[in-house]
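Working notes, structure below.
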Amino acid sequence: HAARDFQGEEEERRVEEVEKKYVNALFSKVTGAAPMRWKLEFKKKLMYFDLDGSGELEVDEFVKHASLTVPGTDLKDLALLARRYTHEDSDIISIERALDRIMSLAPPRYQPCRNVQDASHKAHAAQSHLVHAARRGSASGARGGVDSNNGPQTEVQRHKRKMVKLMAMLSDAMRSRMQDRNVLALRKVVNRMFVYYDKGDSGFLSYAHLTDALRVYLPSISDDDMAHLVQFFDKKKRGYVVQPDALEVLTLYVVRDGKKPHATGAGEVVEEEEEEEIDDD
């Protein structure tokens, strides 16, 4: 029994090393700085061996792929590696599930963008908590129990001011690279941004993709600030950013300095400060 246990542990250790080599080899050939782009590159490599186009690989097909990725590795070890990617006790490997596992094992140097995306979700959750707390405080204040100008409401206002400051920084950086400061020029900038970073032609940018795009203008801001900034573009909290929303936000700040056009009763249009217009949701 002890000999079998030792053999099993040795086999497990060996397969772990093989998987580490396999994943490192995949990431060593990626281009760009967008996790979604890397995943698409890996998917193309796996789908090359998906001869029937089912979105699944058999164990021997995966072994052929892995043997090209880490040449010289024992085929028995690659077969054991393939078992880590099969669905339950079957001989079938879902390409999407395999991609999820590969991305989860990314070497440390390839993890910052994914951490930014995780930080975005955390920032959204934290903001939602503050908003709900503020609303509860406002309701209590209306009943005479709590002063709604204190406590959670102060946190919400602080977040609004921070967002205005971040958008002002982004706007200044973008304007410095634009020859013309008008909606048409900005539309071209946003269109180029989506064409370049939306590698899958999905019609939207993931948080990680938008982070890459905004880093061009704001290379030095913290991951937390970037996460808040990226989330601000997601007007309807979809988990990704569509081009019309990005253009709307940037038009307001880059072209109009954060002031919304406001029609008066006489039909006259005036500019209105935006700070209080930032969505709380």
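Labeling convention for the structure tokens: chains A, B, ... as they appear, residues from 1 per chain, ligands from 1 in order of appearance.
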Exercise. Neighbours of Asn24 of chain A within 9 Å (only C-alpha atoms; same-chain residues fewer than 5 positions away dropped), as a ChimeraX atom specification?
Worked result: /A:19,29,105-107
Problem set entry | Contact residues around Glu17 of chain A with only C-alpha atoms at 12 Å, ignoring same-chain residues under 2 positions, as a list in words |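 Close residues of Glu17 of chain A: Glu10, Glu11, Glu12, Arg13, Arg14, Val15, Glu19, Lys20, Lys21, Tyr22, Val23, Asn24, Val70, Thr73, Asp77, Leu78, Leu80 and Leu81 of chain A.
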Generate a file of the selected residues that holds all heavy atoms, formatted as a compact mmCIF listing (two decimals), in the first residue's frame.
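Output contents, as saved in selection30.txt:
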```txt
# COMPACT_ATOMS: atom_id res chain seq x y z
N GLU A 10 4.08 10.42 -6.62
CA GLU A 10 5.12 10.75 -7.59
C GLU A 10 4.50 11.07 -8.95
O GLU A 10 4.91 12.02 -9.63
CB GLU A 10 6.10 9.57 -7.71
CG GLU A 10 7.22 9.78 -8.72
CD GLU A 10 8.14 10.92 -8.36
OE1 GLU A 10 8.17 11.33 -7.17
OE2 GLU A 10 8.84 11.43 -9.27
N GLU A 11 3.50 10.30 -9.33
CA GLU A 11 2.81 10.53 -10.60
C GLU A 11 2.10 11.87 -10.60
O GLU A 11 2.15 12.63 -11.57
CB GLU A 11 1.81 9.39 -10.84
CG GLU A 11 1.13 9.41 -12.18
CD GLU A 11 0.21 8.22 -12.35
OE1 GLU A 11 0.66 7.16 -12.81
OE2 GLU A 11 -0.99 8.36 -11.99
N GLU A 12 1.46 12.19 -9.48
CA GLU A 12 0.74 13.45 -9.35
C GLU A 12 1.71 14.63 -9.42
O GLU A 12 1.44 15.64 -10.08
CB GLU A 12 -0.03 13.49 -8.03
CG GLU A 12 -0.88 14.72 -7.82
CD GLU A 12 -2.07 14.79 -8.75
OE1 GLU A 12 -2.44 13.76 -9.33
OE2 GLU A 12 -2.63 15.91 -8.91
N ARG A 13 2.84 14.50 -8.77
CA ARG A 13 3.85 15.56 -8.80
C ARG A 13 4.38 15.76 -10.22
O ARG A 13 4.56 16.89 -10.69
CB ARG A 13 5.01 15.20 -7.86
CG ARG A 13 6.08 16.29 -7.75
CD ARG A 13 7.35 15.77 -7.13
NE ARG A 13 7.95 14.72 -7.94
CZ ARG A 13 8.63 14.94 -9.06
NH1 ARG A 13 8.79 16.18 -9.51
NH2 ARG A 13 9.14 13.94 -9.75
N ARG A 14 4.59 14.64 -10.92
CA ARG A 14 5.11 14.71 -12.28
C ARG A 14 4.12 15.38 -13.23
O ARG A 14 4.48 16.22 -14.04
CB ARG A 14 5.44 13.29 -12.77
CG ARG A 14 6.36 13.25 -13.97
CD ARG A 14 6.86 11.86 -14.25
NE ARG A 14 5.79 10.95 -14.65
CZ ARG A 14 5.37 9.92 -13.92
NH1 ARG A 14 5.92 9.68 -12.73
NH2 ARG A 14 4.40 9.14 -14.35
N VAL A 15 2.85 15.04 -13.08
CA VAL A 15 1.82 15.63 -13.93
C VAL A 15 1.67 17.12 -13.63
O VAL A 15 1.44 17.93 -14.53
CB VAL A 15 0.47 14.90 -13.76
CG1 VAL A 15 -0.63 15.60 -14.55
CG2 VAL A 15 0.59 13.45 -14.22
N GLU A 19 1.96 20.02 -16.35
CA GLU A 19 0.93 21.03 -16.58
C GLU A 19 1.52 22.43 -16.47
O GLU A 19 1.17 23.33 -17.25
CB GLU A 19 -0.23 20.86 -15.61
CG GLU A 19 -1.36 21.84 -15.89
CD GLU A 19 -2.63 21.52 -15.14
OE1 GLU A 19 -2.56 21.07 -13.97
OE2 GLU A 19 -3.72 21.72 -15.71
N LYS A 20 2.40 22.61 -15.51
CA LYS A 20 3.04 23.92 -15.35
C LYS A 20 3.84 24.28 -16.60
O LYS A 20 3.77 25.40 -17.11
CB LYS A 20 3.95 23.90 -14.12
CG LYS A 20 4.57 25.25 -13.79
CD LYS A 20 5.38 25.18 -12.51
CE LYS A 20 6.00 26.53 -12.18
NZ LYS A 20 6.80 26.48 -10.93
N LYS A 21 4.59 23.31 -17.13
CA LYS A 21 5.35 23.54 -18.37
C LYS A 21 4.41 23.84 -19.53
O LYS A 21 4.69 24.72 -20.35
CB LYS A 21 6.21 22.30 -18.69
CG LYS A 21 7.44 22.14 -17.83
CD LYS A 21 8.11 20.80 -18.07
CE LYS A 21 8.46 20.57 -19.53
NZ LYS A 21 9.10 19.26 -19.75
N TYR A 22 3.32 23.10 -19.60
CA TYR A 22 2.34 23.26 -20.69
C TYR A 22 1.73 24.66 -20.66
O TYR A 22 1.70 25.36 -21.68
CB TYR A 22 1.27 22.19 -20.55
CG TYR A 22 0.02 22.41 -21.36
CD1 TYR A 22 0.04 22.33 -22.75
CD2 TYR A 22 -1.19 22.70 -20.73
CE1 TYR A 22 -1.13 22.53 -23.50
CE2 TYR A 22 -2.34 22.90 -21.46
CZ TYR A 22 -2.31 22.82 -22.84
OH TYR A 22 -3.46 23.03 -23.57
N VAL A 23 1.26 25.09 -19.49
CA VAL A 23 0.63 26.41 -19.36
C VAL A 23 1.64 27.51 -19.62
O VAL A 23 1.35 28.49 -20.33
CB VAL A 23 -0.03 26.57 -17.97
CG1 VAL A 23 -0.52 27.99 -17.77
CG2 VAL A 23 -1.20 25.59 -17.82
N ASN A 24 2.86 27.36 -19.06
CA ASN A 24 3.90 28.38 -19.28
C ASN A 24 4.25 28.50 -20.76
O ASN A 24 4.49 29.60 -21.28
CB ASN A 24 5.16 28.04 -18.48
CG ASN A 24 5.00 28.33 -17.00
OD1 ASN A 24 4.06 29.01 -16.59
ND2 ASN A 24 5.90 27.81 -16.18
N VAL A 70 4.58 21.28 -25.71
CA VAL A 70 5.76 20.94 -24.88
C VAL A 70 6.45 19.72 -25.49
O VAL A 70 6.33 18.61 -24.96
CB VAL A 70 5.36 20.69 -23.41
CG1 VAL A 70 5.17 21.98 -22.68
CG2 VAL A 70 4.09 19.85 -23.30
N THR A 73 8.04 15.82 -24.21
CA THR A 73 7.41 15.32 -22.97
C THR A 73 6.87 13.92 -23.21
O THR A 73 6.32 13.62 -24.28
CB THR A 73 6.26 16.24 -22.53
OG1 THR A 73 6.74 17.58 -22.41
CG2 THR A 73 5.68 15.80 -21.20
N ASP A 77 2.72 10.88 -19.74
CA ASP A 77 2.48 12.01 -18.84
C ASP A 77 1.46 12.97 -19.46
O ASP A 77 0.61 13.54 -18.75
CB ASP A 77 3.78 12.76 -18.56
CG ASP A 77 4.71 11.98 -17.63
OD1 ASP A 77 4.22 11.07 -16.95
OD2 ASP A 77 5.91 12.30 -17.60
N LEU A 78 1.51 13.14 -20.77
CA LEU A 78 0.54 14.02 -21.43
C LEU A 78 -0.86 13.42 -21.38
O LEU A 78 -1.85 14.14 -21.26
CB LEU A 78 0.96 14.28 -22.88
CG LEU A 78 2.25 15.10 -23.07
CD1 LEU A 78 2.55 15.26 -24.55
CD2 LEU A 78 2.12 16.46 -22.40
N LEU A 80 -1.94 11.55 -18.92
CA LEU A 80 -2.38 11.81 -17.55
C LEU A 80 -2.79 13.27 -17.39
O LEU A 80 -3.76 13.58 -16.69
CB LEU A 80 -1.26 11.47 -16.57
CG LEU A 80 -0.92 9.98 -16.43
CD1 LEU A 80 0.35 9.80 -15.59
CD2 LEU A 80 -2.10 9.23 -15.79
N LEU A 81 -2.04 14.17 -18.05
CA LEU A 81 -2.41 15.59 -18.02
C LEU A 81 -3.80 15.79 -18.62
O LEU A 81 -4.62 16.55 -18.08
CB LEU A 81 -1.38 16.41 -18.80
CG LEU A 81 -1.72 17.88 -19.05
CD1 LEU A 81 -1.82 18.64 -17.73
CD2 LEU A 81 -0.70 18.53 -19.96
```
For this session: Please identify all polymer residues within 12 Å of Lys162 of chain A, counting only C-alpha atoms, omitting same-chain residues fewer than 2 positions from it, and present them as a list in words.
Result: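 Contacts, in chain order: Glu155, Val156, Gln157, Arg158, His159, Lys160, Val164, Lys165, Leu166, Met167, Ala168, Met169, Asp224, Asp225, Met226, His228, Leu229, Phe232, Glu275 and Ile278 of chain A.
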Selection export as a CSV table (one decimal), in the first residue's frame, atoms kept: N, CA and C atoms:
```
chain,number,residue,atom,x,y,z
A,155,GLU,N,-19.8,59.1,2.1
A,155,GLU,CA,-19.0,58.2,1.3
A,155,GLU,C,-19.4,58.2,-0.2
A,156,VAL,N,-20.7,58.3,-0.4
A,156,VAL,CA,-21.2,58.3,-1.8
A,156,VAL,C,-20.7,59.6,-2.5
A,157,GLN,N,-20.8,60.7,-1.8
A,157,GLN,CA,-20.4,62.0,-2.3
A,157,GLN,C,-18.8,62.0,-2.6
A,158,ARG,N,-18.1,61.3,-1.7
A,158,ARG,CA,-16.7,61.2,-1.9
A,158,ARG,C,-16.3,60.4,-3.1
A,159,HIS,N,-17.1,59.4,-3.3
A,159,HIS,CA,-16.9,58.5,-4.5
A,159,HIS,C,-17.2,59.4,-5.8
A,160,LYS,N,-18.3,60.2,-5.7
A,160,LYS,CA,-18.6,61.0,-6.9
A,160,LYS,C,-17.5,62.0,-7.2
A,164,VAL,N,-15.3,62.2,-10.7
A,164,VAL,CA,-15.1,63.5,-11.5
A,164,VAL,C,-13.6,63.8,-11.7
A,165,LYS,N,-12.8,63.6,-10.7
A,165,LYS,CA,-11.4,63.9,-10.8
A,165,LYS,C,-10.7,62.9,-11.8
A,166,LEU,N,-11.1,61.6,-11.7
A,166,LEU,CA,-10.5,60.6,-12.6
A,166,LEU,C,-10.9,60.9,-14.0
A,167,MET,N,-12.2,61.3,-14.2
A,167,MET,CA,-12.6,61.5,-15.6
A,167,MET,C,-12.0,62.8,-16.1
A,168,ALA,N,-11.7,63.8,-15.3
A,168,ALA,CA,-11.0,65.0,-15.7
A,168,ALA,C,-9.6,64.6,-16.1
A,169,MET,N,-8.9,63.7,-15.4
A,169,MET,CA,-7.6,63.3,-15.8
A,169,MET,C,-7.6,62.6,-17.1
A,224,ASP,N,-6.9,50.1,-8.4
A,224,ASP,CA,-8.3,50.4,-7.8
A,224,ASP,C,-8.9,51.6,-8.5
A,225,ASP,N,-8.2,52.6,-8.8
A,225,ASP,CA,-8.7,53.8,-9.5
A,225,ASP,C,-9.2,53.4,-10.9
A,226,MET,N,-8.3,52.6,-11.5
A,226,MET,CA,-8.7,52.1,-12.9
A,226,MET,C,-10.0,51.3,-12.9
A,228,HIS,N,-12.5,51.5,-10.8
A,228,HIS,CA,-13.6,52.4,-10.6
A,228,HIS,C,-13.9,53.1,-11.9
A,229,LEU,N,-12.8,53.5,-12.6
A,229,LEU,CA,-13.0,54.3,-13.9
A,229,LEU,C,-13.7,53.4,-14.9
A,232,PHE,N,-17.3,52.8,-14.4
A,232,PHE,CA,-18.1,54.0,-14.7
A,232,PHE,C,-18.6,54.0,-16.1
A,275,GLU,N,-21.4,66.9,-11.9
A,275,GLU,CA,-20.9,66.2,-10.7
A,275,GLU,C,-22.0,65.5,-10.1
A,278,ILE,N,-23.7,61.9,-11.7
A,278,ILE,CA,-23.1,60.5,-11.8
A,278,ILE,C,-24.0,59.5,-11.1
```
Problem set entry | Within 8 Å of Leu170 of chain A using only C-alpha atoms, minus same-chain residues under 5 positions, as a list in words |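 In the requested form, the answer reads Leu214, Tyr217 and Leu218 of chain A.
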Please, could you write that set of residues out with N, CA, C and O atoms as a PDB file, in the first residue's frame?
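Writing the result to selection28.pdb gives the following:
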```pdb
ATOM      1  N   LEU A 214      -7.539  52.263 -21.724  1.00  0.00           N
ATOM      2  CA  LEU A 214      -7.391  53.470 -20.910  1.00  0.00           C
ATOM      3  C   LEU A 214      -5.989  53.611 -20.341  1.00  0.00           C
ATOM      4  O   LEU A 214      -5.551  54.730 -20.042  1.00  0.00           O
ATOM      5  N   TYR A 217      -3.739  56.135 -21.920  1.00  0.00           N
ATOM      6  CA  TYR A 217      -3.868  57.533 -21.518  1.00  0.00           C
ATOM      7  C   TYR A 217      -3.473  57.765 -20.064  1.00  0.00           C
ATOM      8  O   TYR A 217      -2.986  58.841 -19.714  1.00  0.00           O
ATOM      9  N   LEU A 218      -3.701  56.760 -19.224  1.00  0.00           N
ATOM     10  CA  LEU A 218      -3.423  56.917 -17.791  1.00  0.00           C
ATOM     11  C   LEU A 218      -2.556  55.755 -17.320  1.00  0.00           C
ATOM     12  O   LEU A 218      -3.024  54.863 -16.597  1.00  0.00           O
TER      13      LEU A 218
END
```
Problem set entry | Option closest in space to Phe49 of chain A, from A:Thr31, A:Gln231, A:Ile93, A:Thr86 [counting only C-alpha atoms] | A:Ile93
Exercise. Between A:Ala213, A:Val190, A:Val241, A:Ala66, which has the minimum distance to Leu46 of chain A (counting only C-alpha atoms)?
Worked result: A:Ala66
Seminar exercise, completed: From atom CA of Tyr110 of chain A to atom CA of Asn191 of chain A the spacing works out at 27.1 Å
For this session: Please provide the set of residues having any atom within 9 Å of Phe204 of chain A, restricted to only C-alpha atoms, with same-chain residues fewer than 5 positions apart removed, written as a PyMOL selection string.
Result: chain A and resi 194+198+240-243
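For the pair atom CA of Asp91 of chain A and atom CA of Ser104 of chain A, the interatomic distance is 21.9 Å.
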Problem set entry | Within 10 Å of segment 180-186 of chain A using only C-alpha atoms, minus same-chain residues under 4 positions, as a ChimeraX atom specification | /A:174-176,190-192,247-248,250-252,254-256
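Here atom CA of Val249 of chain A stands at a distance of 6.6 Å from atom CA of Phe233 of chain A.
Nearest-residue note for His209 of chain A: choosing from A:Val30, A:Glu61, A:Gln179, A:Trp38, the minimum distance belongs to A:Trp38, counting only C-alpha atoms.
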Applying 10 Å and only C-alpha atoms, which residues near Ser54 of chain A remain after dropping the ones on its own chain fewer than 6 positions away? List them as a short mmCIF file (atom, residue, chain, number, x, y, z; two decimals) with N, CA, C and O atoms, in the first residue's frame.
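Output file selection-v5.cif is given in full below:
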```cif
data_model
loop_
_atom_site.label_atom_id
_atom_site.label_comp_id
_atom_site.auth_asym_id
_atom_site.auth_seq_id
_atom_site.Cartn_x
_atom_site.Cartn_y
_atom_site.Cartn_z
N MET A 47 -8.74 24.31 -31.07
CA MET A 47 -9.75 24.00 -32.10
C MET A 47 -9.12 23.43 -33.37
O MET A 47 -9.80 22.79 -34.17
N SER A 94 -14.02 19.42 -22.87
CA SER A 94 -14.68 20.63 -23.36
C SER A 94 -13.62 21.71 -23.55
O SER A 94 -12.87 22.02 -22.62
N ILE A 95 -13.55 22.27 -24.75
CA ILE A 95 -12.55 23.31 -25.02
C ILE A 95 -12.75 24.52 -24.11
O ILE A 95 -11.78 25.08 -23.59
#
```
